[in-house]
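**Student:** So I've got this file, input-v2.cif, and it contains mmCIF, C-alpha atoms and all ligand atoms:
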data_start
#
loop_
_atom_site.label_atom_id
_atom_site.label_comp_id
_atom_site.auth_asym_id
_atom_site.auth_seq_id
_atom_site.Cartn_x
_atom_site.Cartn_y
_atom_site.Cartn_z
CA MET A 252 20.04 -22.77 15.76
CA SER A 253 18.44 -25.63 13.84
CA GLU A 254 15.64 -24.62 11.49
CA SER A 255 13.92 -27.96 12.15
CA LEU A 256 12.85 -27.04 15.69
CA SER A 257 9.27 -25.81 16.22
CA PHE A 258 8.65 -22.28 17.50
CA ALA A 259 7.81 -23.70 20.94
CA GLU A 260 11.09 -25.66 21.01
CA LYS A 261 13.10 -22.60 19.97
CA ILE A 262 11.38 -20.35 22.54
CA ALA A 263 12.12 -22.96 25.24
CA GLN A 264 15.84 -22.32 24.63
CA ALA A 265 15.60 -18.68 25.72
CA ALA A 266 17.45 -17.64 28.87
CA ASN A 267 15.39 -17.06 32.02
CA PHE A 268 17.21 -14.16 33.69
CA LEU A 269 14.55 -11.69 32.47
CA PRO A 270 11.05 -13.08 33.08
CA ILE A 271 8.45 -10.94 31.24
CA ASN A 272 4.69 -11.20 31.71
CA GLY A 273 3.83 -9.36 28.48
CA THR A 274 3.69 -5.89 26.95
CA ASP A 275 2.70 -3.32 29.58
CA PHE A 276 2.19 -0.29 27.35
CA ILE A 277 3.44 1.44 24.21
CA GLU A 278 4.13 5.16 24.58
CA PHE A 279 4.20 7.55 21.64
CA TYR A 280 5.85 10.94 21.77
CA CYS A 281 3.54 13.21 19.77
CA GLY A 282 3.29 16.80 18.59
CA ASN A 283 -0.28 17.00 19.88
CA ALA A 284 -1.24 14.12 22.17
CA LYS A 285 -4.76 15.46 22.69
CA GLN A 286 -5.57 15.15 18.98
CA ALA A 287 -3.69 11.83 18.65
CA ALA A 288 -5.82 10.42 21.48
CA HIS A 289 -8.96 11.52 19.64
CA PHE A 290 -7.70 9.73 16.50
CA TYR A 291 -7.00 6.45 18.30
CA LYS A 292 -10.44 6.56 19.96
CA THR A 293 -12.37 7.56 16.84
CA ALA A 294 -10.51 5.59 14.18
CA PHE A 295 -9.23 2.52 16.10
CA GLY A 296 -11.80 2.18 18.91
CA PHE A 297 -9.48 2.66 21.89
CA GLN A 298 -11.13 3.56 25.21
CA SER A 299 -10.21 6.44 27.55
CA VAL A 300 -8.45 5.15 30.69
CA ALA A 301 -6.23 7.70 32.41
CA TYR A 302 -4.70 11.15 32.07
CA ALA A 303 -1.77 13.05 33.54
CA GLY A 304 -1.02 16.73 32.87
CA PRO A 305 -1.20 20.18 34.42
CA GLU A 306 -4.63 19.39 35.93
CA THR A 307 -3.13 16.43 37.83
CA GLY A 308 0.00 18.25 38.95
CA VAL A 309 2.32 17.31 36.05
CA ARG A 310 3.74 20.59 34.80
CA ASP A 311 5.81 19.71 31.74
CA ARG A 312 3.73 17.25 29.70
CA ALA A 313 0.29 15.82 28.97
CA SER A 314 -0.26 12.06 28.65
CA TYR A 315 -3.42 10.24 27.56
CA VAL A 316 -3.77 6.50 28.31
CA LEU A 317 -6.02 4.45 26.03
CA GLN A 318 -6.86 0.77 26.11
CA GLN A 319 -8.50 -1.86 23.90
CA GLY A 320 -8.39 -5.50 25.01
CA LYS A 321 -4.95 -5.80 26.64
CA ILE A 322 -3.40 -3.16 24.35
CA ARG A 323 -2.48 -0.02 26.27
CA LEU A 324 -1.30 3.06 24.38
CA VAL A 325 0.09 6.20 26.02
CA LEU A 326 0.19 9.40 23.96
CA THR A 327 2.45 12.11 25.37
CA SER A 328 3.31 15.68 24.35
CA ALA A 329 5.64 18.14 26.03
CA LEU A 330 4.25 21.56 26.91
CA LYS A 331 7.40 23.54 26.06
CA SER A 332 9.91 23.49 23.21
CA ASP A 333 13.02 22.96 25.37
CA HIS A 334 11.96 19.49 26.53
CA PRO A 335 13.46 16.11 25.52
CA ILE A 336 10.01 15.02 24.26
CA SER A 337 9.86 18.07 21.96
CA GLU A 338 13.39 17.26 20.74
CA HIS A 339 12.31 13.69 20.03
CA VAL A 340 9.28 14.86 18.04
CA ARG A 341 11.34 17.45 16.13
CA THR A 342 13.77 14.74 15.00
CA HIS A 343 11.50 11.74 14.47
CA GLY A 344 8.00 13.14 14.09
CA ASP A 345 5.34 11.32 16.11
CA GLY A 346 6.59 7.85 16.97
CA VAL A 347 7.07 5.13 19.54
CA LYS A 348 9.44 6.03 22.39
CA MET A 349 8.68 3.29 24.95
CA LEU A 350 8.06 -0.41 24.47
CA ALA A 351 7.22 -1.06 28.14
CA LEU A 352 7.39 -4.62 29.46
CA TRP A 353 5.45 -5.94 32.46
CA VAL A 354 7.80 -7.66 34.91
CA ASP A 355 7.62 -8.94 38.50
CA ASP A 356 10.92 -7.31 39.49
CA ALA A 357 11.99 -4.08 37.76
CA THR A 358 15.14 -3.77 39.89
CA LYS A 359 16.40 -7.23 38.97
CA SER A 360 15.41 -6.67 35.31
CA PHE A 361 17.57 -3.53 35.28
CA GLU A 362 20.51 -5.21 37.01
CA GLU A 363 20.47 -8.32 34.83
CA THR A 364 20.24 -6.39 31.55
CA THR A 365 22.69 -3.59 32.35
CA LYS A 366 25.35 -6.02 33.61
CA ARG A 367 25.05 -7.74 30.20
CA GLY A 368 25.64 -4.45 28.37
CA GLY A 369 22.21 -2.77 28.31
CA LYS A 370 22.56 1.05 28.26
CA PRO A 371 20.64 2.56 31.19
CA TYR A 372 17.75 4.91 30.46
CA MET A 373 16.22 4.96 33.94
CA GLU A 374 17.61 3.54 37.20
CA PRO A 375 15.04 1.56 39.23
CA THR A 376 12.66 4.22 40.56
CA ILE A 377 9.69 3.92 42.94
CA LEU A 378 6.63 5.96 41.98
CA LYS A 379 3.92 6.33 44.64
CA ASP A 380 0.45 7.72 45.08
CA ALA A 381 -2.64 6.91 47.14
CA ASN A 382 -3.19 3.73 45.04
CA GLY A 383 0.15 2.16 45.96
CA GLU A 384 3.54 2.03 44.27
CA VAL A 385 5.11 1.04 40.99
CA CYS A 386 8.80 0.31 40.41
CA MET A 387 10.09 1.27 36.96
CA SER A 388 13.46 1.06 35.25
CA GLY A 389 14.56 1.14 31.62
CA ILE A 390 17.27 0.54 29.06
CA TYR A 391 17.79 1.78 25.51
CA THR A 392 17.27 -0.53 22.55
CA TYR A 393 17.68 0.45 18.84
CA GLY A 394 17.79 4.18 18.03
CA GLU A 395 16.30 6.30 20.81
CA THR A 396 13.70 3.64 21.61
CA VAL A 397 13.49 2.43 25.22
CA HIS A 398 12.40 -0.78 26.94
CA LEU A 399 10.86 0.18 30.27
CA PHE A 400 10.46 -2.52 32.92
CA VAL A 401 7.25 -1.98 34.91
CA GLU A 402 6.62 -3.76 38.23
CA ARG A 403 3.04 -3.05 39.29
CA LYS A 404 2.16 -5.81 41.77
CA ASN A 405 1.74 -3.24 44.58
CA TYR A 406 -0.45 -0.85 42.57
CA ASN A 407 -4.17 -0.69 41.90
CA GLY A 408 -4.67 2.76 40.32
CA PRO A 409 -5.90 3.36 36.76
CA PHE A 410 -2.39 3.32 35.20
CA LEU A 411 0.70 4.66 37.00
CA PRO A 412 1.15 6.94 40.02
CA GLY A 413 0.36 10.54 39.00
CA TYR A 414 -2.36 9.52 36.53
CA GLU A 415 -6.05 10.05 37.21
CA VAL A 416 -9.02 8.23 35.75
CA TRP A 417 -10.00 9.85 32.44
CA GLU A 418 -13.78 10.09 32.34
CA SER A 419 -14.89 11.05 28.84
CA GLU A 420 -18.34 11.66 27.44
CA TYR A 421 -17.07 10.53 24.04
CA ASN A 422 -16.62 6.75 24.00
CA PRO A 423 -16.78 5.17 20.53
CA ALA A 424 -17.21 1.38 20.48
CA ASP A 425 -14.10 -0.81 20.27
CA CYS A 426 -13.03 -2.60 17.06
CA GLY A 427 -12.23 -6.03 18.53
CA LEU A 428 -8.47 -5.47 18.98
CA LEU A 429 -7.19 -7.82 21.70
CA TYR A 430 -3.44 -7.78 22.36
CA VAL A 431 -0.06 -6.83 20.90
CA ASP A 432 1.09 -9.74 18.73
CA HIS A 433 4.51 -8.29 17.82
CA CYS A 434 6.37 -4.97 17.43
CA VAL A 435 8.85 -4.57 14.59
CA GLY A 436 12.01 -2.45 14.68
CA ASN A 437 13.82 -1.07 11.64
CA VAL A 438 17.61 -0.81 12.02
CA GLY A 439 20.32 0.59 9.72
CA TRP A 440 22.67 -1.08 7.26
CA ASN A 441 24.66 -3.94 8.87
CA ARG A 442 22.84 -3.36 12.15
CA MET A 443 20.51 -6.40 12.16
CA LEU A 444 23.05 -8.94 13.41
CA PRO A 445 24.38 -6.71 16.25
CA THR A 446 20.77 -5.97 17.26
CA VAL A 447 19.89 -9.68 17.24
CA LYS A 448 23.00 -10.37 19.33
CA TRP A 449 21.95 -7.58 21.73
CA TYR A 450 18.50 -9.18 22.23
CA GLU A 451 20.16 -12.56 22.82
CA GLU A 452 22.82 -11.36 25.23
CA VAL A 453 21.17 -8.45 27.06
CA MET A 454 17.53 -9.62 27.09
CA GLY A 455 17.96 -13.43 26.86
CA PHE A 456 15.70 -13.61 23.78
CA VAL A 457 16.03 -16.24 21.02
CA ASN A 458 15.89 -15.91 17.26
CA ILE A 459 12.86 -17.94 16.14
CA LEU A 460 12.68 -17.04 12.45
CA SER A 461 14.87 -15.45 9.76
CA PHE A 462 14.29 -14.15 6.26
CA ASP A 463 17.04 -13.01 3.97
CA ASP A 464 16.93 -10.73 0.98
CA LYS A 465 16.52 -13.74 -1.35
CA GLN A 466 13.17 -14.46 0.29
CA ILE A 467 11.99 -10.87 0.80
CA ASN A 468 12.47 -8.88 -2.33
CA THR A 469 10.54 -7.51 -5.22
CA GLU A 470 11.84 -6.29 -8.52
CA TYR A 471 13.15 -3.17 -6.76
CA SER A 472 13.26 -3.34 -2.98
CA ALA A 473 14.64 -5.82 -0.49
CA LEU A 474 15.03 -6.37 3.25
CA MET A 475 16.28 -8.86 5.77
CA SER A 476 14.41 -9.76 8.95
CA LYS A 477 14.96 -11.82 12.11
CA VAL A 478 12.30 -12.43 14.75
CA MET A 479 13.38 -12.34 18.42
CA ALA A 480 11.15 -13.84 21.16
CA ASN A 481 11.33 -14.02 24.95
CA GLY A 482 11.15 -17.22 27.00
CA ASN A 483 7.36 -17.54 27.15
CA GLY A 484 6.78 -16.24 23.61
CA TYR A 485 4.55 -13.40 24.87
CA VAL A 486 6.92 -10.76 23.52
CA LYS A 487 8.13 -10.89 19.91
CA PHE A 488 10.33 -8.26 18.27
CA PRO A 489 11.13 -8.81 14.59
CA ILE A 490 14.13 -6.72 13.44
CA ASN A 491 14.40 -5.49 9.83
CA GLU A 492 17.45 -4.23 7.96
CA PRO A 493 17.39 -2.78 4.43
CA ALA A 494 18.99 -4.75 1.61
CA GLU A 495 20.32 -3.66 -1.77
CA GLY A 496 17.78 -3.60 -4.57
CA LYS A 497 17.39 -1.78 -7.86
CA LYS A 498 15.77 1.07 -5.97
CA LYS A 499 15.47 2.30 -2.40
CA SER A 500 14.38 -0.29 0.19
CA GLN A 501 11.23 0.60 2.13
CA ILE A 502 13.32 0.17 5.30
CA GLU A 503 15.71 2.83 4.04
CA GLU A 504 12.78 5.14 3.33
CA TYR A 505 11.70 4.67 6.97
CA LEU A 506 15.24 5.35 8.28
CA ASP A 507 15.47 8.53 6.17
CA PHE A 508 12.15 9.92 7.36
CA TYR A 509 12.27 8.76 11.00
CA GLU A 510 15.85 10.10 10.97
CA GLY A 511 17.11 6.98 12.67
CA GLU A 512 16.18 3.53 13.84
CA GLY A 513 12.79 2.95 15.44
CA VAL A 514 9.53 1.05 15.61
CA GLN A 515 8.18 0.30 12.12
CA HIS A 516 4.90 -1.41 12.95
CA ILE A 517 2.77 -2.65 15.80
CA ALA A 518 0.79 -5.81 15.08
CA VAL A 519 -2.45 -6.17 17.02
CA ALA A 520 -4.53 -9.34 17.18
CA THR A 521 -8.24 -9.80 16.57
CA LYS A 522 -10.49 -12.88 16.59
CA ASP A 523 -12.57 -11.60 13.65
CA ILE A 524 -10.42 -9.75 11.14
CA VAL A 525 -13.27 -9.31 8.64
CA LYS A 526 -15.39 -7.48 11.22
CA THR A 527 -12.43 -5.53 12.68
CA VAL A 528 -11.20 -4.32 9.29
CA THR A 529 -14.73 -3.48 8.11
CA ASP A 530 -15.14 -1.35 11.29
CA LEU A 531 -11.73 0.31 10.96
CA LYS A 532 -12.34 1.21 7.31
CA ALA A 533 -15.74 2.69 8.16
CA ARG A 534 -13.98 4.86 10.78
CA GLY A 535 -11.44 6.17 8.28
CA VAL A 536 -8.39 3.94 8.87
CA GLU A 537 -6.52 3.64 5.56
CA PHE A 538 -5.04 0.29 4.53
CA LEU A 539 -2.53 -0.60 1.83
CA SER A 540 -4.26 -1.30 -1.44
CA ALA A 541 -5.33 -4.89 -2.06
CA PRO A 542 -2.98 -7.15 -4.00
CA PRO A 543 -3.92 -7.94 -7.60
CA ASN A 544 -6.77 -10.37 -8.39
CA ALA A 545 -4.19 -13.02 -9.20
CA TYR A 546 -3.25 -13.14 -5.50
CA TYR A 547 -6.76 -14.31 -4.56
CA GLU A 548 -7.07 -16.63 -7.56
CA MET A 549 -3.88 -18.39 -6.41
CA LEU A 550 -4.97 -18.47 -2.76
CA PRO A 551 -6.69 -21.90 -2.52
CA GLU A 552 -3.66 -23.51 -4.15
CA ARG A 553 -1.15 -21.61 -1.95
CA VAL A 554 -2.79 -21.86 1.50
CA GLY A 555 -5.31 -24.72 1.19
CA LYS A 556 -8.64 -24.69 2.98
CA ILE A 557 -9.50 -21.73 5.24
CA ASP A 558 -12.71 -20.93 7.13
CA GLU A 559 -13.15 -17.43 5.68
CA ASP A 560 -14.94 -16.43 2.48
CA ILE A 561 -12.18 -15.49 0.03
CA GLN A 562 -14.41 -12.92 -1.70
CA LYS A 563 -14.84 -11.05 1.60
CA LEU A 564 -11.08 -11.13 2.18
CA GLN A 565 -10.47 -9.84 -1.34
CA LYS A 566 -12.99 -7.03 -0.94
CA LEU A 567 -11.10 -5.83 2.17
CA GLY A 568 -7.61 -6.65 0.85
CA ILE A 569 -6.85 -9.10 3.70
CA LEU A 570 -3.81 -11.32 3.08
CA VAL A 571 -3.48 -15.03 3.99
CA ASP A 572 -0.45 -17.21 4.69
CA ARG A 573 0.15 -20.72 5.99
CA ASP A 574 2.96 -22.46 7.89
CA GLU A 575 3.35 -25.97 9.34
CA GLU A 576 1.17 -25.10 12.35
CA GLY A 577 -1.81 -23.42 10.68
CA TYR A 578 -2.75 -20.25 8.81
CA LEU A 579 -2.98 -16.53 9.52
CA LEU A 580 -4.85 -13.55 8.12
CA GLN A 581 -3.24 -10.10 8.12
CA ILE A 582 -3.50 -6.59 6.69
CA PHE A 583 -1.37 -3.47 7.02
CA THR A 584 -2.47 0.14 7.43
CA LYS A 585 -0.86 3.00 5.59
CA PRO A 586 1.52 5.02 7.80
CA VAL A 587 -0.46 6.75 10.56
CA GLU A 588 1.80 9.82 10.49
CA ASP A 589 2.65 12.26 7.65
CA ARG A 590 6.18 10.90 7.59
CA PRO A 591 6.17 7.43 5.98
CA THR A 592 7.18 5.77 9.26
CA LEU A 593 4.92 3.95 11.75
CA PHE A 594 2.02 1.74 10.64
CA PHE A 595 -0.21 -0.94 12.19
CA GLU A 596 -0.84 -4.55 11.26
CA ILE A 597 -4.09 -6.34 12.09
CA ILE A 598 -3.58 -10.10 12.48
CA GLU A 599 -5.81 -13.12 13.15
CA ARG A 600 -4.00 -16.39 13.83
CA HIS A 601 -5.43 -19.86 13.20
CA GLY A 602 -2.56 -21.90 14.62
CA ALA A 603 0.18 -20.30 12.51
CA GLN A 604 3.00 -18.87 14.64
CA SER A 605 4.89 -17.22 11.77
CA PHE A 606 4.61 -13.69 10.36
CA GLY A 607 3.30 -14.02 6.82
CA ALA A 608 6.53 -14.46 4.83
CA GLY A 609 4.49 -15.77 1.92
CA ASN A 610 2.75 -12.40 1.82
CA PHE A 611 5.89 -10.30 1.93
CA LYS A 612 6.23 -10.17 -1.81
CA ALA A 613 2.56 -9.33 -2.35
CA LEU A 614 2.77 -6.78 0.45
CA PHE A 615 5.95 -5.13 -0.76
CA GLU A 616 4.61 -4.67 -4.21
CA SER A 617 1.67 -2.93 -2.60
CA ILE A 618 3.91 -0.77 -0.35
CA GLU A 619 6.05 0.14 -3.35
CA ARG A 620 3.03 1.42 -5.23
CA GLU A 621 2.56 3.88 -2.32
CA GLN A 622 6.30 4.65 -2.13
CA ALA A 623 6.29 5.46 -5.86
CA LYS A 624 3.38 7.89 -5.34
CA ARG A 625 5.51 9.71 -2.73
CA GLY A 626 8.42 9.87 -5.21
CA ASN A 627 10.71 7.86 -2.88
CA LEU A 628 11.27 4.70 -4.92
FE FE2 A 701 4.25 -7.85 11.33
#
Would you write the structure of this file as structure tokens?
Ligand code: FE2

**Tutor:**
Amino acid sequence: MSESLSFAEKIAQAANFLPINGTDFIEFYCGNAKQAAHFYKTAFGFQSVAYAGPETGVRDRASYVLQQGKIRLVLTSALKSDHPISEHVRTHGDGVKMLALWVDDATKSFEETTKRGGKPYMEPTILKDANGEVCMSGIYTYGETVHLFVERKNYNGPFLPGYEVWESEYNPADCGLLYVDHCVGNVGWNRMLPTVKWYEEVMGFVNILSFDDKQINTEYSALMSKVMANGNGYVKFPINEPAEGKKKSQIEEYLDFYEGEGVQHIAVATKDIVKTVTDLKARGVEFLSAPPNAYYEMLPERVGKIDEDIQKLQKLGILVDRDEEGYLLQIFTKPVEDRPTLFFEIIERHGAQSFGAGNFKALFESIEREQAKRGNL
């Protein structure tokens, strides 16, 4: 596909057999969902929404639903060891199992994707309670990760059938997080191109941006990345593959510790990154260390005029990049699990539709400082 097309022009070339309204929810399989829910409320400002577990008639698991802006997280633990969720946690540690997509027709979504080669995870299934019904289906993507298709036009309960409203007396304020901007998957050696092809053929997505290992490398570590988007651009899944460097790629470190392919980071948008990051830091969220002073000294020359005070950005370690359509501000947390696997990105866009390639080098050098501390470089 021509590199000269704009993002909007590339997205317009996506197929239309799988209309998607946006991200419905992201479900983590956790060792202790109750404590994870407390962390996402306390540290990230998510709000209590719904709960399912033994008290609501679900015997084998407990699930906590949290929301901030349009971002809905579900944290789930199994209650016994011989459960697929426990198996998942044993292998991968806490991590993302479901990237659920909001669709108008979950049956058609399943049929269209499985006839194109999608591997079924869940046949179209109707779930009902007093609040109406939801149709859900799902297919596997990379690793053990699943795309669920959620059709909820006939439902008005707090989340899904079987869940009850979660009334909590502990409700920390939100941190200004608004919606999921993109979710990144890490795949194994030589697996990026087949995964890109899978998103094109099975999901009808288009590749809107590519980086190779010449663009994304530091002295030691390298990776390749391609960004896949659906036909309205609401859903974007960048795919990373490790590349050869002098030392171990950070993508390889992820694959070793997640014990397979999976979600590397979830990028969430804010309208005021300085306020959001100040709040998150005060609540104990740990971010990658700021790039060297030289990064901020070079900034006016590299990105031109921006509205924000560069000294404030430097104090917080916020990164800046520019493309043809505008600029963006971004920052990355440290991994939120003990295994060096999943992390979050906070992003504020001012027109820019890209992903901060100009920051990759500065970022990687920062990640590698952490990787070296863990003895994995
Ligand atoms: Fe990102």

**Student:** Met373 in chain A: which residues within 7 Å, counting all atoms listed in the file, same-chain residues fewer than 5 positions away excluded, as a ChimeraX atom specification?

**Tutor:** /A:388-390

**Student:** Using all atoms listed in the file, which of the listed residues (A:Gly513, A:Gly626, A:Gly484, A:Gly602) sits closest to Val347 in chain A?

**Tutor:**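 Between A:Gly513, A:Gly626, A:Gly484, A:Gly602, the residue approaching Val347 in chain A most closely is A:Gly513.
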
**Student:** List all protein, DNA and RNA residues that have at least one atom no more than 10 Å from any atom of ligand FE2 701 (chain A), counting only C-alpha atoms and all ligand atoms, and write them as a short mmCIF file (atom, residue, chain, number, x, y, z; two decimals) with C-alpha atoms, keeping the file's coordinate frame.

**Tutor:**
data_model
loop_
_atom_site.label_atom_id
_atom_site.label_comp_id
_atom_site.auth_asym_id
_atom_site.auth_seq_id
_atom_site.Cartn_x
_atom_site.Cartn_y
_atom_site.Cartn_z
CA ASP A 432 1.09 -9.74 18.73
CA HIS A 433 4.51 -8.29 17.82
CA CYS A 434 6.37 -4.97 17.43
CA VAL A 435 8.85 -4.57 14.59
CA VAL A 478 12.30 -12.43 14.75
CA LYS A 487 8.13 -10.89 19.91
CA PHE A 488 10.33 -8.26 18.27
CA PRO A 489 11.13 -8.81 14.59
CA GLN A 515 8.18 0.30 12.12
CA HIS A 516 4.90 -1.41 12.95
CA ILE A 517 2.77 -2.65 15.80
CA ALA A 518 0.79 -5.81 15.08
CA VAL A 519 -2.45 -6.17 17.02
CA GLN A 581 -3.24 -10.10 8.12
CA ILE A 582 -3.50 -6.59 6.69
CA PHE A 583 -1.37 -3.47 7.02
CA PHE A 594 2.02 1.74 10.64
CA PHE A 595 -0.21 -0.94 12.19
CA GLU A 596 -0.84 -4.55 11.26
CA ILE A 597 -4.09 -6.34 12.09
CA ILE A 598 -3.58 -10.10 12.48
CA SER A 605 4.89 -17.22 11.77
CA PHE A 606 4.61 -13.69 10.36
CA GLY A 607 3.30 -14.02 6.82
CA ALA A 608 6.53 -14.46 4.83
CA PHE A 611 5.89 -10.30 1.93
#

**Student:** When you count all atoms listed in the file, which of these residues is closest to Tyr485 in chain A: A:Val587, A:Tyr430, A:Arg625, A:Tyr546?

**Tutor:** A:Tyr430

**Student:** Find the distance between CA of Ile271 in chain A and CA of Asn483 in chain A and write it in Å to one decimal.

**Tutor:**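 Distance between the two atoms: 7.8 Å.
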
**Student:** Of the candidates A:Val571, A:Ile459, A:Leu564, A:Val514, which one gets nearest to Gln604 in chain A if we count only C-alpha atoms?

**Tutor:**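 The closest residue to Gln604 in chain A is A:Ile459.
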
**Student:** Please determine, counting only C-alpha atoms, which residue among A:Phe410, A:Thr592, A:Leu269, A:Gly320 has the shortest atom-to-atom distance to Asp356 in chain A.

**Tutor:**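 Smallest separation from Asp356 in chain A among the options: A:Leu269.
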